[in-house]
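Enquirer: Submitted below is the structure of interest, expressed as structure tokens.
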Amino acid sequence: MSEYKITLELNGHEVTGNAEARMTLVDFLRDNLEQTGTHIGCEHGVCGACSVIFDGRPIRSCLIYAVMANGHKITTVEGLERTNGTLSPLQDAFWENHAMQCGYCTPGMLIASHALLQENPDPNDEEIREAIGGNLCRCTGYQQIIEAVQSAAKKMREIP
Amino acid sequence: MKAAPFEYIRVNTLDEACQALSESGEHARIIAGGQTLVPLMAMRLARPSLLIDINDVEELSGISIKGEHLVIKAGTRQVKALSSEIVREKIPLLAEALSHVGHTQTRNLGTVGGSLVNADPSAEIPLIAQTLEATIVVQSVRGKRSIVASEFFESAMVTSLAPDECLVEVCFPIWSGERNGYGFQEVSIRDSDYALAAAAAQLTLDESDNCKKLSLSICGASPTAIRLRPLEEALLGKHPENQVIIEACEIIDDLIDPQADVHADADYRGRVAKVMARRAISDARDRAKGSLK
């Protein structure tokens, strides 16, 4: 089967690789570009672990072939850290509020909550639940994740 | 959970898409959002030999008013339709239903046309197309044709779209005039899941609060979303008090064909459908009166 050349703007940098048409974006990120922060869970759009930001909006990277993302802007969990390499306020808040245990869902949860806070800097609990509604967590029971997002939102409003 | 190998092309115009479909036979598939096709391919329930990517086709994206219709182009993202002021103002029933389609991550890529051609029996967009008698426009190298929703959806995941045809747009009739109201009710296991059953109603009241016009459909309780015309006829000209609605809804048992699955048995699904219908009608009535926002 043919291979296709794929160029992405990944976390602000232009990257290039080759992939068969059937390679999903998440496999391309992990296997070809060695960006393993994005996790693969169910591979058919149920768990949300593979969420990335695509042209400014969160999507599931297992539900798009890499070749379809050619020419687009992608932000993965690796792209959330501050420019000096320290954790973002949201990532810090996940740590401080015990918003993870096994860590499997964490990249997807961070992407979903980051996208929410970009659009809505002061979400209520219901809006947070809606935003992470497509992401499964089997450890935390979600409550600490909601608390982490609230705490990050508060901090980010105080220190823009 | 990896798709079988396939070839891929990206087209820039509708004509190119139709040409590619015509040349590749029935093993080619159009892909836009891919939010149902990609998982089907991962599970190898679908094995197209060629995917024709229409994401760059500008003429297949956009929302506009044409005469008495709201026209949504097939490749319009669900998120665009959900956040559209025109949709909210002209067809609030559709806006309400769109908020129940998948979740943020799938609505950001998923398209209005994709949901129609996928024809899931529980899906909300086909439900609204049935309720409002939308017209679905398709094109192939053989020409263009319009199909009314009731003839487009044939069975679960089956439509009358021919293998060489590409969906172009869907046209929802806009109800003009005063005293219109809508109701949308759904029960699902979790917010973003497919509906166990959902109902959509739109009605017009006359000056004495009698039901002048009513459209009602149910999804999740039959192989396709279905319009419940005998129930509509039973309520026409009547004062739609709760008790009148409840009694009229008894006929639903004879009109639907609910199936059991892992989430609900057939009997429960049928009962949910009936309750959703009652609530959708009473919400529509209250909105027509102005007592419900």
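The way I read the labels, and the way they are meant: chains A, B, ... in the order of the structure tokens, residue 1 as the first residue of every chain, and ligand 1 as the first ligand shown, with later ones counted on from there.
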Define the interface residues of chain B facing chain A as those within 6 Å, counting only C-alpha atoms, and report them as a PyMOL selection string.
Expert: chain B and resi 3+5+35+38-39+103+105
Enquirer: Emit the selected residues as a tab-separated table (two decimals), in the first residue's frame, including C-alpha atoms.
Expert:
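The result, written out as part-v4.tsv:
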chain	number	residue	atom	x	y	z
B	3	ALA	CA	-8.12	-0.66	9.66
B	5	PRO	CA	-5.17	-1.23	4.09
B	35	GLN	CA	-16.30	9.90	13.56
B	38	VAL	CA	-13.06	5.37	11.32
B	39	PRO	CA	-14.25	3.20	14.25
B	103	HIS	CA	-19.48	15.05	22.76
B	105	GLN	CA	-14.31	15.95	20.70
Enquirer: When you look at A:Ile40 with a cut-off of 8 Å (counting only C-alpha atoms), what residues show up, excluding the ones that are within fewer than 4 positions of it in the same chain? I need them as a PyMOL selection string.
Expert: chain A and resi 26+49-50+62
Enquirer: With C-alpha atoms retained, could you export that selection as a PDB file, in the first residue's frame?
Expert:
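So out36.pdb came out as:
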ATOM      1  CA  VAL A  26      -2.277   8.779  17.432  1.00  0.00           C
ATOM      2  CA  ALA A  49      -7.172   9.022  26.200  1.00  0.00           C
ATOM      3  CA  CYS A  50      -5.842  10.032  22.767  1.00  0.00           C
ATOM      4  CA  CYS A  62      -7.663   7.632  17.021  1.00  0.00           C
TER       5      CYS A  62
END
Enquirer: Using only C-alpha atoms, determine which residues lie at most 10 Å from B:Gly220, disregarding the query and same-chain residues fewer than 6 positions distant; provide the list as a PyMOL selection string.
Expert: chain B and resi 120-124+127+156+186-187+194-199+226+256-259+269-270+272-273
Enquirer: Quick one: write out the picked residues with C-alpha atoms as a short mmCIF file (atom, residue, chain, number, x, y, z; two decimals), in the first residue's frame?
Expert:
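Ended up saving to part36.cif:
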data_model
loop_
_atom_site.label_atom_id
_atom_site.label_comp_id
_atom_site.auth_asym_id
_atom_site.auth_seq_id
_atom_site.Cartn_x
_atom_site.Cartn_y
_atom_site.Cartn_z
CA ASP B 120 -27.89 5.13 13.11
CA PRO B 121 -31.37 4.31 14.43
CA SER B 122 -30.65 6.29 17.63
CA ALA B 123 -28.99 9.32 16.06
CA GLU B 124 -30.43 12.79 16.66
CA LEU B 127 -34.49 12.25 13.92
CA ALA B 156 -30.74 0.72 10.49
CA GLU B 186 -33.77 12.02 25.20
CA VAL B 187 -32.70 9.32 27.62
CA TYR B 194 -26.49 7.14 21.76
CA ALA B 195 -30.07 7.61 22.88
CA LEU B 196 -31.99 4.67 24.32
CA ALA B 197 -34.85 6.61 22.83
CA ALA B 198 -35.48 10.23 21.95
CA ALA B 199 -38.45 12.20 20.68
CA ILE B 226 -39.97 7.41 12.42
CA ILE B 256 -42.75 1.28 16.96
CA ASP B 257 -40.58 -1.82 16.84
CA PRO B 258 -38.08 -1.52 19.70
CA GLN B 259 -35.10 -3.90 19.82
CA ARG B 269 -37.00 0.99 25.28
CA GLY B 270 -40.59 1.17 24.05
CA VAL B 272 -38.99 5.21 27.31
CA ALA B 273 -39.93 6.17 23.75
#
Enquirer: Tell me which of B:Met276, B:Ile54, B:Leu236, B:Leu231 sits closest to B:Leu205, counting only C-alpha atoms.
Expert: B:Leu236
Enquirer: If you count only C-alpha atoms, which residues fall within 10 Å of B:Glu165, apart from same-chain ones fewer than 6 positions away, as a list in words?
Expert: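 Non-adjacent residues within range: Ala17, Cys18, Gln19, Leu21, Ser22, Arg29, Ile30, Val137, Val138, Gln139, Ser140, Val141, Arg142, Gly143, Lys144 and Arg145 of chain B.
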Enquirer: Residues of stretch 87-273 of chain B in helix (DSSP H, G or I) according to DSSP, as JSON, numbers by chain?
Expert: {"B": [87, 88, 89, 90, 92, 93, 94, 95, 96, 97, 98, 104, 105, 106, 107, 112, 113, 114, 115, 116, 117, 118, 124, 125, 126, 127, 128, 129, 130, 131, 149, 150, 151, 152, 229, 230, 231, 232, 233, 234, 235, 242, 243, 244, 245, 246, 247, 248, 249, 252, 253, 254, 255, 266, 267, 268, 269, 270, 271, 272, 273]}
